[in-house]
Structure formats: C-alpha cells, structure tokens
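Raw contents of run_35.pdb, PDB, C-alpha atoms:
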```pdb
MODEL        1
ATOM      1  CA  MET I   1     -12.228  24.414  -4.542
ATOM      2  CA  MET I   2      -9.303  23.906  -2.155
ATOM      3  CA  GLU I   3      -9.766  25.028   1.430
ATOM      4  CA  ASP I   4      -6.944  26.423   3.535
ATOM      5  CA  ILE I   5      -5.657  24.481   6.512
ATOM      6  CA  GLY I   6      -7.575  26.601   9.029
ATOM      7  CA  GLU I   7     -10.889  26.007   7.264
ATOM      8  CA  LEU I   8     -10.073  22.314   6.961
ATOM      9  CA  LEU I   9      -9.489  22.033  10.708
ATOM     10  CA  ARG I  10     -12.688  23.898  11.534
ATOM     11  CA  ARG I  11     -14.904  21.953   9.171
ATOM     12  CA  GLY I  12     -13.246  18.689  10.082
ATOM     13  CA  PHE I  13     -13.992  19.354  13.739
ATOM     14  CA  SER I  14     -17.610  20.082  12.825
ATOM     15  CA  VAL I  15     -17.871  16.780  10.960
ATOM     16  CA  TRP I  16     -16.398  14.935  13.956
ATOM     17  CA  LYS I  17     -18.926  16.553  16.334
ATOM     18  CA  GLY I  18     -21.773  15.244  14.204
ATOM     19  CA  ASN I  19     -20.249  11.762  13.936
ATOM     20  CA  LEU I  20     -19.005  10.695  17.365
ATOM     21  CA  ILE I  21     -19.440   7.082  16.236
ATOM     22  CA  LEU I  22     -16.148   7.532  14.358
ATOM     23  CA  CYS I  23     -14.319   6.466  17.528
ATOM     24  CA  LEU I  24     -15.742   2.927  17.231
ATOM     25  CA  PRO I  25     -13.053   1.482  14.888
ATOM     26  CA  PHE I  26     -10.260   2.720  17.163
ATOM     27  CA  LEU I  27     -11.903   1.335  20.294
ATOM     28  CA  LEU I  28     -12.559  -2.038  18.669
ATOM     29  CA  SER I  29      -9.021  -2.248  17.326
ATOM     30  CA  THR I  30      -7.533  -1.526  20.756
ATOM     31  CA  VAL I  31      -9.780  -3.978  22.623
ATOM     32  CA  ILE I  32      -9.294  -6.825  20.132
ATOM     33  CA  SER I  33      -5.524  -6.273  20.013
ATOM     34  CA  MET I  34      -5.345  -6.389  23.818
ATOM     35  CA  LEU I  35      -7.345  -9.625  23.870
ATOM     36  CA  ILE I  36      -5.006 -11.147  21.272
ATOM     37  CA  LEU I  37      -1.960 -10.142  23.335
ATOM     38  CA  LEU I  38      -3.529 -11.602  26.463
ATOM     39  CA  ALA I  39      -4.236 -14.854  24.630
ATOM     40  CA  PHE I  40      -0.629 -14.875  23.392
ATOM     41  CA  MET I  41       0.771 -14.479  26.901
ATOM     42  CA  MET I  42      -1.445 -17.227  28.241
ATOM     43  CA  GLY I  43      -0.566 -19.469  25.291
ATOM     44  CA  ILE I  44       3.175 -18.985  25.794
ATOM     45  CA  PHE I  45       2.775 -19.686  29.496
ATOM     46  CA  LEU I  46       0.813 -22.891  28.943
ATOM     47  CA  ILE I  47       2.865 -24.185  25.990
ATOM     48  CA  LEU I  48       6.357 -23.517  27.292
ATOM     49  CA  MET I  49       5.816 -23.989  31.011
ATOM     50  CA  PRO I  50       6.720 -27.538  32.040
ATOM     51  CA  GLN I  51       3.944 -29.394  33.824
ATOM     52  CA  GLY I  52       6.128 -29.820  36.888
ATOM     53  CA  ALA I  53       6.659 -26.087  37.090
ATOM     54  CA  LEU I  54       2.932 -25.520  36.725
ATOM     55  CA  SER I  55       2.149 -27.791  39.619
ATOM     56  CA  SER I  56       4.856 -26.205  41.765
ATOM     57  CA  MET I  57       3.388 -22.753  41.370
ATOM     58  CA  ALA I  58       0.996 -22.852  44.275
ATOM     59  CA  PHE I  59      -1.690 -20.231  44.608
ATOM     60  CA  GLU I  60      -0.029 -18.688  47.625
ATOM     61  CA  ASP I  61       3.231 -18.315  45.735
ATOM     62  CA  ALA I  62       1.427 -16.601  42.859
ATOM     63  CA  LYS I  63       0.558 -13.835  45.264
ATOM     64  CA  ASN I  64       4.240 -13.167  45.811
ATOM     65  CA  VAL I  65       5.557 -11.205  42.834
ATOM     66  CA  THR I  66       9.193 -11.812  43.765
ATOM     67  CA  VAL I  67       8.712 -15.573  43.937
ATOM     68  CA  MET I  68       6.864 -15.632  40.637
ATOM     69  CA  GLN I  69       9.582 -13.579  38.916
ATOM     70  CA  GLY I  70      12.237 -15.980  40.164
ATOM     71  CA  GLN I  71      10.278 -18.958  38.868
ATOM     72  CA  MET I  72       9.871 -17.318  35.448
ATOM     73  CA  GLU I  73      13.604 -16.536  35.264
ATOM     74  CA  GLU I  74      14.459 -20.152  36.043
ATOM     75  CA  LEU I  75      11.976 -21.272  33.399
ATOM     76  CA  LEU I  76      13.501 -19.033  30.712
ATOM     77  CA  LYS I  77      17.009 -20.262  31.537
ATOM     78  CA  GLY I  78      15.832 -23.844  31.176
ATOM     79  CA  LEU I  79      14.178 -23.400  27.783
ATOM     80  CA  GLY I  80      15.769 -25.165  24.848
ATOM     81  CA  ALA I  81      16.507 -23.699  21.443
ATOM     82  CA  ASP I  82      13.428 -25.357  19.921
ATOM     83  CA  GLN I  83      11.147 -23.876  22.557
ATOM     84  CA  LEU I  84      12.657 -20.411  22.135
ATOM     85  CA  ALA I  85      12.264 -20.659  18.346
ATOM     86  CA  LEU I  86       8.639 -21.683  18.827
ATOM     87  CA  ALA I  87       8.048 -18.722  21.129
ATOM     88  CA  VAL I  88       9.645 -16.298  18.623
ATOM     89  CA  LEU I  89       7.579 -17.678  15.721
ATOM     90  CA  PHE I  90       4.452 -17.528  17.870
ATOM     91  CA  PHE I  91       5.235 -13.922  18.773
ATOM     92  CA  ILE I  92       5.791 -12.927  15.120
ATOM     93  CA  GLY I  93       2.501 -14.579  14.169
ATOM     94  CA  ILE I  94       0.650 -12.708  16.897
ATOM     95  CA  MET I  95       2.203  -9.392  15.846
ATOM     96  CA  LEU I  96       1.144  -9.985  12.236
ATOM     97  CA  LEU I  97      -2.364 -10.855  13.410
ATOM     98  CA  ILE I  98      -2.552  -7.638  15.433
ATOM     99  CA  LEU I  99      -1.277  -5.740  12.398
ATOM    100  CA  MET I 100      -4.089  -7.242  10.317
ATOM    101  CA  VAL I 101      -6.643  -6.233  12.947
ATOM    102  CA  ASP I 102      -5.249  -2.690  12.937
ATOM    103  CA  ALA I 103      -5.332  -2.622   9.114
ATOM    104  CA  PHE I 104      -8.965  -3.756   9.089
ATOM    105  CA  PHE I 105     -10.183  -1.115  11.519
ATOM    106  CA  SER I 106      -7.935   1.626  10.090
ATOM    107  CA  ALA I 107      -9.446   0.985   6.662
ATOM    108  CA  GLY I 108     -12.870   0.970   8.303
ATOM    109  CA  ALA I 109     -12.205   4.279  10.044
ATOM    110  CA  ILE I 110     -11.098   5.928   6.794
ATOM    111  CA  GLY I 111     -14.174   4.522   5.044
ATOM    112  CA  MET I 112     -16.404   6.007   7.747
ATOM    113  CA  ALA I 113     -14.564   9.326   7.556
ATOM    114  CA  ARG I 114     -15.057   9.436   3.796
ATOM    115  CA  GLN I 115     -18.764   8.706   4.193
ATOM    116  CA  ALA I 116     -19.091  11.430   6.829
ATOM    117  CA  LEU I 117     -17.310  13.950   4.608
ATOM    118  CA  GLU I 118     -19.387  13.123   1.532
ATOM    119  CA  THR I 119     -22.832  12.738   3.130
ATOM    120  CA  GLY I 120     -22.537  14.428   6.519
ATOM    121  CA  LYS I 121     -23.203  11.193   8.433
ATOM    122  CA  ALA I 122     -21.264   7.971   8.938
ATOM    123  CA  ASP I 123     -22.546   4.551  10.003
ATOM    124  CA  THR I 124     -20.965   1.236  10.954
ATOM    125  CA  SER I 125     -21.818  -0.382   7.622
ATOM    126  CA  ALA I 126     -19.116   1.793   6.025
ATOM    127  CA  MET I 127     -16.615   0.529   8.600
ATOM    128  CA  TRP I 128     -17.301  -3.150   7.899
ATOM    129  CA  SER I 129     -17.460  -2.800   4.119
ATOM    130  CA  SER I 130     -14.324  -0.647   3.878
ATOM    131  CA  GLY I 131     -12.464  -2.887   6.314
ATOM    132  CA  ARG I 132     -13.284  -6.050   4.369
ATOM    133  CA  ARG I 133     -12.435  -4.441   1.033
ATOM    134  CA  HIS I 134      -9.136  -2.795   1.909
ATOM    135  CA  PHE I 135      -7.627  -4.503   4.959
ATOM    136  CA  TRP I 136      -5.340  -6.867   3.028
ATOM    137  CA  ASN I 137      -3.889  -4.145   0.793
ATOM    138  CA  LEU I 138      -3.486  -1.861   3.803
ATOM    139  CA  PHE I 139      -1.750  -4.672   5.703
ATOM    140  CA  LEU I 140       0.691  -5.144   2.797
ATOM    141  CA  ALA I 141       1.173  -1.371   2.523
ATOM    142  CA  THR I 142       2.082  -1.232   6.222
ATOM    143  CA  LEU I 143       4.636  -4.006   5.772
ATOM    144  CA  LEU I 144       6.042  -2.142   2.755
ATOM    145  CA  THR I 145       6.395   1.014   4.852
ATOM    146  CA  TRP I 146       8.211  -0.963   7.547
ATOM    147  CA  LEU I 147      10.635  -2.401   4.993
ATOM    148  CA  ILE I 148      11.365   1.075   3.624
ATOM    149  CA  THR I 149      11.938   2.330   7.166
ATOM    150  CA  LEU I 150      14.203  -0.590   8.102
ATOM    151  CA  ALA I 151      16.325   0.182   5.046
ATOM    152  CA  GLY I 152      17.567   3.142   7.076
ATOM    153  CA  LEU I 153      19.510   0.747   9.302
ATOM    154  CA  ILE I 154      22.234   1.106   6.684
ATOM    155  CA  PHE I 155      23.282   4.233   8.604
ATOM    156  CA  LEU I 156      24.441   1.960  11.459
ATOM    157  CA  LEU I 157      26.657  -0.203   9.257
ATOM    158  CA  PRO I 158      29.840   1.968   9.389
ATOM    159  CA  ALA I 159      30.071   1.705  13.178
ATOM    160  CA  LEU I 160      29.221  -2.006  13.183
ATOM    161  CA  ALA I 161      31.795  -2.652  10.453
ATOM    162  CA  ILE I 162      34.506  -1.051  12.586
ATOM    163  CA  SER I 163      33.467  -2.809  15.790
ATOM    164  CA  PRO I 164      30.810  -5.555  15.742
ATOM    165  CA  ASP I 165      30.516  -5.268  19.535
ATOM    166  CA  PRO I 166      29.322  -1.715  20.421
ATOM    167  CA  LEU I 167      29.754  -2.394  24.154
ATOM    168  CA  ALA I 168      33.474  -3.013  23.674
ATOM    169  CA  ALA I 169      34.020  -0.157  21.222
ATOM    170  CA  ASP I 170      36.058   2.959  21.896
ATOM    171  CA  ALA I 171      34.668   6.485  22.081
ATOM    172  CA  GLY I 172      35.160   7.138  18.359
ATOM    173  CA  VAL I 173      33.116   4.120  17.320
ATOM    174  CA  VAL I 174      30.426   4.988  19.853
ATOM    175  CA  GLY I 175      30.246   8.479  18.356
ATOM    176  CA  ILE I 176      29.861   7.055  14.839
ATOM    177  CA  LEU I 177      27.173   4.703  16.126
ATOM    178  CA  ALA I 178      25.326   7.576  17.814
ATOM    179  CA  ALA I 179      25.488   9.623  14.605
ATOM    180  CA  GLY I 180      24.195   6.644  12.613
ATOM    181  CA  LEU I 181      21.350   6.147  15.075
ATOM    182  CA  LEU I 182      20.422   9.831  14.810
ATOM    183  CA  LEU I 183      20.422   9.626  10.998
ATOM    184  CA  PHE I 184      18.255   6.506  11.167
ATOM    185  CA  LEU I 185      15.728   8.231  13.432
ATOM    186  CA  LEU I 186      15.599  11.271  11.123
ATOM    187  CA  TYR I 187      15.207   8.983   8.117
ATOM    188  CA  ALA I 188      12.384   7.045   9.808
ATOM    189  CA  LEU I 189      10.639  10.323  10.689
ATOM    190  CA  ALA I 190      10.985  11.573   7.109
ATOM    191  CA  VAL I 191       9.543   8.308   5.746
ATOM    192  CA  SER I 192       6.589   8.431   8.128
ATOM    193  CA  ILE I 193       5.739  12.013   7.126
ATOM    194  CA  ALA I 194       6.276  11.499   3.392
ATOM    195  CA  LEU I 195       4.057   8.383   3.403
ATOM    196  CA  ILE I 196       1.486   9.597   5.914
ATOM    197  CA  ALA I 197      -1.194   9.846   3.202
ATOM    198  CA  MET I 198      -0.601   6.267   2.023
ATOM    199  CA  PRO I 199      -3.553   4.609   3.831
ATOM    200  CA  TYR I 200      -5.905   7.444   2.848
ATOM    201  CA  ALA I 201      -4.893   7.147  -0.803
ATOM    202  CA  LEU I 202      -5.293   3.372  -0.669
ATOM    203  CA  VAL I 203      -8.802   3.421   0.807
ATOM    204  CA  THR I 204     -10.333   6.492  -0.830
ATOM    205  CA  GLU I 205      -9.015   5.672  -4.306
ATOM    206  CA  ASP I 206      -9.184   1.858  -4.001
ATOM    207  CA  LEU I 207      -5.477   1.385  -4.769
ATOM    208  CA  GLY I 208      -2.982  -1.398  -4.257
ATOM    209  CA  PRO I 209       0.045  -1.018  -1.944
ATOM    210  CA  PHE I 210       2.520   0.167  -4.592
ATOM    211  CA  SER I 211       0.022   2.496  -6.283
ATOM    212  CA  ALA I 212      -0.856   3.959  -2.877
ATOM    213  CA  LEU I 213       2.853   4.470  -2.200
ATOM    214  CA  GLN I 214       3.245   6.417  -5.437
ATOM    215  CA  SER I 215       0.109   8.479  -4.759
ATOM    216  CA  ALA I 216       1.268   9.302  -1.239
ATOM    217  CA  LEU I 217       4.658  10.503  -2.473
ATOM    218  CA  LYS I 218       3.020  12.590  -5.189
ATOM    219  CA  PHE I 219       0.572  14.041  -2.663
ATOM    220  CA  PHE I 220       3.393  14.948  -0.292
ATOM    221  CA  ARG I 221       5.428  16.527  -3.088
ATOM    222  CA  TYR I 222       2.621  18.960  -3.945
ATOM    223  CA  ASN I 223       1.296  19.538  -0.402
ATOM    224  CA  LYS I 224       4.402  19.676   1.806
ATOM    225  CA  PHE I 225       3.303  22.723   3.795
ATOM    226  CA  ASP I 226      -0.207  21.486   4.608
ATOM    227  CA  VAL I 227       1.081  18.015   5.498
ATOM    228  CA  ALA I 228       3.742  19.492   7.788
ATOM    229  CA  VAL I 229       1.250  21.809   9.520
ATOM    230  CA  LEU I 230      -1.354  19.098  10.068
ATOM    231  CA  TRP I 231       1.311  16.663  11.252
ATOM    232  CA  LEU I 232       2.617  19.205  13.773
ATOM    233  CA  ILE I 233      -0.911  19.903  15.039
ATOM    234  CA  ALA I 234      -1.684  16.196  15.468
ATOM    235  CA  VAL I 235       1.655  15.555  17.219
ATOM    236  CA  ALA I 236       1.186  18.569  19.504
ATOM    237  CA  LEU I 237      -2.312  17.453  20.528
ATOM    238  CA  SER I 238      -1.116  13.889  21.152
ATOM    239  CA  ALA I 239       1.856  15.117  23.196
ATOM    240  CA  ALA I 240      -0.421  17.394  25.230
ATOM    241  CA  LEU I 241      -2.693  14.439  26.051
ATOM    242  CA  GLN I 242       0.276  12.263  27.021
ATOM    243  CA  MET I 243       1.768  14.954  29.239
ATOM    244  CA  ALA I 244      -1.611  15.570  30.857
ATOM    245  CA  GLY I 245      -1.998  11.847  31.499
ATOM    246  CA  GLY I 246       1.549  11.568  32.849
ATOM    247  CA  ALA I 247       1.113  14.562  35.127
ATOM    248  CA  ALA I 248      -2.213  13.227  36.354
ATOM    249  CA  GLY I 249      -0.709   9.798  36.984
ATOM    250  CA  ASP I 250       1.912  11.296  39.339
ATOM    251  CA  GLY I 251      -0.639  12.867  41.651
ATOM    252  CA  ALA I 252      -3.136  11.450  44.112
ATOM    253  CA  GLY I 253      -5.853   9.508  42.370
ATOM    254  CA  GLY I 254      -3.906   9.918  39.160
ATOM    255  CA  GLN I 255      -4.615   6.510  37.674
ATOM    256  CA  PRO I 256      -8.255   7.297  36.739
ATOM    257  CA  LEU I 257      -7.186  10.643  35.247
ATOM    258  CA  SER I 258      -4.390   8.972  33.298
ATOM    259  CA  LEU I 259      -6.883   6.420  31.990
ATOM    260  CA  ILE I 260      -9.223   9.239  30.943
ATOM    261  CA  ALA I 261      -6.374  10.915  29.029
ATOM    262  CA  SER I 262      -5.599   7.652  27.217
ATOM    263  CA  LEU I 263      -9.277   7.139  26.446
ATOM    264  CA  ALA I 264      -9.514  10.697  25.105
ATOM    265  CA  ASN I 265      -6.767   9.849  22.658
ATOM    266  CA  LEU I 266      -8.872   6.987  21.277
ATOM    267  CA  VAL I 267     -12.286   8.620  21.453
ATOM    268  CA  VAL I 268     -11.402  12.171  20.410
ATOM    269  CA  LEU I 269      -7.958  12.655  18.881
ATOM    270  CA  ALA I 270      -7.722   9.479  16.763
ATOM    271  CA  PRO I 271     -11.070   9.923  14.930
ATOM    272  CA  LEU I 272     -10.557  13.689  14.639
ATOM    273  CA  SER I 273      -7.127  13.175  13.069
ATOM    274  CA  CYS I 274      -8.612  10.582  10.714
ATOM    275  CA  ILE I 275     -11.217  13.107   9.585
ATOM    276  CA  TRP I 276      -8.582  15.802   9.066
ATOM    277  CA  TRP I 277      -6.216  13.603   7.046
ATOM    278  CA  THR I 278      -9.014  12.088   4.963
ATOM    279  CA  ARG I 279     -10.408  15.535   4.241
ATOM    280  CA  LEU I 280      -6.982  16.926   3.353
ATOM    281  CA  TYR I 281      -6.232  14.091   0.940
ATOM    282  CA  MET I 282      -9.658  14.075  -0.710
ATOM    283  CA  ASN I 283      -9.793  17.862  -1.029
ATOM    284  CA  ARG I 284      -6.285  18.251  -2.434
ATOM    285  CA  SER I 285      -6.846  15.294  -4.791
ATOM    286  CA  GLY I 286     -10.048  16.783  -6.189
ATOM    287  CA  MET I 287     -12.250  14.039  -4.727
ATOM    288  CA  LEU I 288     -14.146  16.308  -2.339
ATOM    289  CA  ASN I 289     -15.927  19.468  -3.431
ATOM    290  CA  ILE I 290     -16.424  21.350  -0.187
ATOM    291  CA  ASP I 291     -19.091  23.586  -1.748
ATOM    292  CA  GLU I 292     -21.343  20.563  -2.256
ATOM    293  CA  VAL I 293     -20.947  19.124   1.239
ATOM    294  CA  LYS I 294     -22.952  20.454   4.162
ATOM    295  CA  ASP I 295     -21.615  20.308   7.673
ATOM    296  CA  PRO I 296     -23.660  17.921   9.839
ATOM    297  CA  TRP I 297     -24.095  20.583  12.533
TER     298      TRP I 297
ENDMDL
END
```

Starting from the file, give its structure as structure tokens.
Amino acid sequence: MMEDIGELLRRGFSVWKGNLILCLPFLLSTVISMLILLAFMMGIFLILMPQGALSSMAFEDAKNVTVMQGQMEELLKGLGADQLALAVLFFIGIMLLILMVDAFFSAGAIGMARQALETGKADTSAMWSSGRRHFWNLFLATLLTWLITLAGLIFLLPALAISPDPLAADAGVVGILAAGLLLFLLYALAVSIALIAMPYALVTEDLGPFSALQSALKFFRYNKFDVAVLWLIAVALSAALQMAGGAAGDGAGGQPLSLIASLANLVVLAPLSCIWWTRLYMNRSGMLNIDEVKDPW
C-alpha cells in the first residue's frame, strides 16, 4: 500500500522520535571531516613552510593577525611550481578522503533508517555494517553525479569561445556568460533533484553506481510530484534553520544560538530527512509495506 506524502511525513517523524540515535552518522561524519581538514591545514603549513620562515614566526607575532597574514602572503608568493602542485594534489587527496568518509556515514545512516522503518528500532550495528558494505559504491556514485553535473559547463562554452577572458569582454559577451551560468545552475539543480534517490536506491537495493543511477531516474520519472514536494519541504526547513542561525548570529550573544541552529541541522533535520527519503523510496518501490510496520511510539 502506498501512503500519501502527508502520511509519510507524519509516520517518518514518529520513527525519528523513537530513534534519536539516527543523528550519530551525521555527527561522526562532520567531526571526522573537520579533523581531516585540520590535519590537512597543519600538513600544508609544515610541509610547504620553509624552516627559516617557521623560526621567524615568533609567538608574539602569531598573536598579531595582520603580521601573520603578511607572512603567509610572502610565503605563497615564494612557493615554486613543484610546491604548488604538491599542495594541489594534497588538497585533492584530502577532498577525496572526506568524500569517502561522507559516503561511509551516509550509507550507514540510510542503513539505520531502513532498519528503523522495518523493525521500529535502529542500532549502531546497522550503521557500521551498511557503511562497510556500501561506502565504495556510494563514493563512486557521488563521483558519477559530479561528472554528470560538470557536463553542464558546456553552457559556458559559447561565451568563452567568443572571449576567453571574461574580464576583458564587452557587455554582449558578459550577457551570454551570465545566461550560460544561469543555465548551468538550473541544469545542476535538475540533476540533483532527478538523482536525489540515487544513494537510497544503492543502499536499500544493494546496487552498483550505474544501476543505482538507472533506478533513481526511473523512481523520479514515476514519482515526480512526491519528490518535488519532499524536496521543497526539506529545503524550506533547512533554509529556515539557516535564517534563524544567521539572525541569531547578528544579535547579542548570537554565536551560541547560531551554533545551536547548526547543531539542530545535524541532530534533527539531517536524520529526519534521511528517514523521509528512505521511506519514500522503499514505499514507492514496494520494499516497505506500511501495514506491517508499527510506529515505535
């Protein structure tokens, strides 16, 4: 039996209330990614910074932000091509590592959501097992999505063909470039919506990247309205949290409130959205019989 979008939201919220542990994959992914980025920044600093520059940076100078910025600018100007290439390769490697971490915990979150929907309760064993089983395919699927999205850069080619230097172009070329950029953004948005079910298809049906791509497109083709409604709801909730955090950050004592808004996005909205999307895909694909599943609360 297929449930309407209102019933899906209500029951999904009920499942989330009974499984607050669903926020764990998102928290772990964020913390580990931040630690990796911190290690990257320290590694770049230690590898590329000449020893003489290190010794010249006295502790008292480190307190002066302006002095430190000037020293970093001089360092970057003095870097050779080999050092810059090393930094770029190091950065790409770190980004891929973070993408793998995100793939692992995203697969784990979907695995936990599936367990919660099927049994009423989720545990961390589902996160680890689903993450280990699906992270590589999900990582490749994410790269595939990026490649499909980057294909939209073709919309910028007409303007670049007329004038390779946009800064020196006339108003007509700038207008063509702006139109191309708008088309690229619309294309990227369309790709993200059309393939939004890709990770859920991959994990719940144990598919490879290309099979998950096909399943996601088929799912979108037959469920356009529900996908659009759920996407709009998720975007609206996320935007409301961001605006609340931004407004709180502008006032007195706003930093703690802004941090709370960001934390709410990880602890509440991210796992709730995961439940909703997993439930929508499994229900519309005939994998979840809602009459046989009891709400945990």

Could I get the residues of range 179-198 of chain I with an atom no further than 9 Å from an atom of range 219-238 of chain I, each paired with its nearest atom pair and that distance in Å to one decimal, using all atoms listed in the file, sorted by chain and residue number, as CSV?
```
residue,atom,partner,partner_atom,distance
I:Ile193,CA,I:Trp231,CA,7.6
I:Ala194,CA,I:Phe220,CA,5.8
I:Leu195,CA,I:Phe220,CA,7.6
I:Ile196,CA,I:Phe220,CA,8.4
I:Ala197,CA,I:Phe219,CA,7.4
```

Run the PyMOL selection byres ((chain I and resi 118-128) around 9) mentally over the shown coordinates, then write out the matched residues as a PyMOL selection string, using the chain letters and numbers from the document.
chain I and resi 15+18-19+21-22+24-25+104-117+129-133+288-290+292-297

Residue subset to file, keeping C-alpha atoms, as a compact mmCIF listing (two decimals), keeping the file's coordinate frame:
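Output saved as part_1.txt:
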```txt
# COMPACT_ATOMS: atom_id res chain seq x y z
CA VAL I 15 -17.87 16.78 10.96
CA GLY I 18 -21.77 15.24 14.20
CA ASN I 19 -20.25 11.76 13.94
CA ILE I 21 -19.44 7.08 16.24
CA LEU I 22 -16.15 7.53 14.36
CA LEU I 24 -15.74 2.93 17.23
CA PRO I 25 -13.05 1.48 14.89
CA PHE I 104 -8.96 -3.76 9.09
CA PHE I 105 -10.18 -1.12 11.52
CA SER I 106 -7.94 1.63 10.09
CA ALA I 107 -9.45 0.98 6.66
CA GLY I 108 -12.87 0.97 8.30
CA ALA I 109 -12.20 4.28 10.04
CA ILE I 110 -11.10 5.93 6.79
CA GLY I 111 -14.17 4.52 5.04
CA MET I 112 -16.40 6.01 7.75
CA ALA I 113 -14.56 9.33 7.56
CA ARG I 114 -15.06 9.44 3.80
CA GLN I 115 -18.76 8.71 4.19
CA ALA I 116 -19.09 11.43 6.83
CA LEU I 117 -17.31 13.95 4.61
CA SER I 129 -17.46 -2.80 4.12
CA SER I 130 -14.32 -0.65 3.88
CA GLY I 131 -12.46 -2.89 6.31
CA ARG I 132 -13.28 -6.05 4.37
CA ARG I 133 -12.44 -4.44 1.03
CA LEU I 288 -14.15 16.31 -2.34
CA ASN I 289 -15.93 19.47 -3.43
CA ILE I 290 -16.42 21.35 -0.19
CA GLU I 292 -21.34 20.56 -2.26
CA VAL I 293 -20.95 19.12 1.24
CA LYS I 294 -22.95 20.45 4.16
CA ASP I 295 -21.62 20.31 7.67
CA PRO I 296 -23.66 17.92 9.84
CA TRP I 297 -24.10 20.58 12.53
```

Taking the file as shown, what set of residues would the PyMOL selection byres ((chain I and resi 208) around 9) give back, as number ranges by chain?
I: 134, 137-138, 140-141, 202, 206-207, 209-213

Selection export as a short mmCIF file (atom, residue, chain, number, x, y, z; two decimals), in the frame of the given file, atoms kept: C-alpha atoms:
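To be explicit, this is the file written out as result.cif:
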```cif
data_model
loop_
_atom_site.label_atom_id
_atom_site.label_comp_id
_atom_site.auth_asym_id
_atom_site.auth_seq_id
_atom_site.Cartn_x
_atom_site.Cartn_y
_atom_site.Cartn_z
CA HIS I 134 -9.14 -2.80 1.91
CA ASN I 137 -3.89 -4.14 0.79
CA LEU I 138 -3.49 -1.86 3.80
CA LEU I 140 0.69 -5.14 2.80
CA ALA I 141 1.17 -1.37 2.52
CA LEU I 202 -5.29 3.37 -0.67
CA ASP I 206 -9.18 1.86 -4.00
CA LEU I 207 -5.48 1.38 -4.77
CA PRO I 209 0.04 -1.02 -1.94
CA PHE I 210 2.52 0.17 -4.59
CA SER I 211 0.02 2.50 -6.28
CA ALA I 212 -0.86 3.96 -2.88
CA LEU I 213 2.85 4.47 -2.20
#
```

Nearest residue to Trp146 in chain I from the set I:Leu160, I:Leu189, I:Ala171, I:Leu183 (distances using all atoms listed in the file):
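Of I:Leu160, I:Leu189, I:Ala171, I:Leu183, the one nearest Trp146 in chain I is I:Leu189, counting all atoms listed in the file.
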
Find the residues near Leu35 in chain I: any atom within 12 Å, counting all atoms listed in the file, skip ones fewer than 4 places away on the same chain, and give them as an NGL selection string.
:I and (28-31 or 39-42 or 94 or 97-98 or 101)

What does the structure give for the distance between CA of Ala179 in chain I and CA of Ile162 in chain I, in Å to one decimal?
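Between these atoms lies a distance of 14.1 Å.
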
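With CA of Gly93 in chain I on one side and CA of Gly43 in chain I on the other, the separation reads 12.5 Å.
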
Just say which residues the PyMOL selection byres ((chain I and resi 3) around 12) picks in this file, as a compact mmCIF listing (two decimals) with C-alpha atoms, keeping the file's coordinate frame.
```
# COMPACT_ATOMS: atom_id res chain seq x y z
CA MET I 1 -12.23 24.41 -4.54
CA MET I 2 -9.30 23.91 -2.15
CA ASP I 4 -6.94 26.42 3.54
CA ILE I 5 -5.66 24.48 6.51
CA GLY I 6 -7.58 26.60 9.03
CA GLU I 7 -10.89 26.01 7.26
CA LEU I 8 -10.07 22.31 6.96
CA LEU I 9 -9.49 22.03 10.71
CA ARG I 10 -12.69 23.90 11.53
CA ARG I 11 -14.90 21.95 9.17
CA GLY I 12 -13.25 18.69 10.08
CA ASP I 226 -0.21 21.49 4.61
CA ARG I 279 -10.41 15.54 4.24
CA LEU I 280 -6.98 16.93 3.35
CA TYR I 281 -6.23 14.09 0.94
CA MET I 282 -9.66 14.08 -0.71
CA ASN I 283 -9.79 17.86 -1.03
CA ARG I 284 -6.28 18.25 -2.43
CA SER I 285 -6.85 15.29 -4.79
CA GLY I 286 -10.05 16.78 -6.19
CA LEU I 288 -14.15 16.31 -2.34
CA ASN I 289 -15.93 19.47 -3.43
CA ILE I 290 -16.42 21.35 -0.19
CA ASP I 291 -19.09 23.59 -1.75
```

Using all atoms listed in the file, which of the listed residues (I:Phe135, I:Leu150, I:Leu241, I:Ala270) sits closest to Val203 in chain I?
I:Phe135

Record the distance separating CA of Thr204 in chain I and CA of Ile275 in chain I, expressed in Å with one decimal.
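Rounded to one decimal, the two atoms are 12.4 Å apart.
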
Show which residues sit within 10 Å of Val268 in chain I, as an MDAnalysis selection string. Count only C-alpha atoms, and ignore same-chain residues fewer than 5 positions away.
chainID I and resid 16:17 20 22:23 263 273

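Nearest to Ser192 in chain I of all the residues I:Leu266, I:Ile44, I:Leu144, I:Leu272 is I:Leu144, based on only C-alpha atoms.
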
List every protein, DNA or RNA residue with an atom no more than 12 Å from (18.2, 2.3, 7.5) in the file's coordinates, counting all atoms listed in the file, and format the result as number ranges by chain.
I: 146-158, 180-191

As AutoDock Vina command-line options: centre and edge lengths in Å, one decimal, of the axis-aligned box holding range 267-280 of chain I with 3 Å per side:
```
--center_x -9.3 --center_y 12.8 --center_z 12.4 --size_x 12.1 --size_y 14.3 --size_z 24.1
```
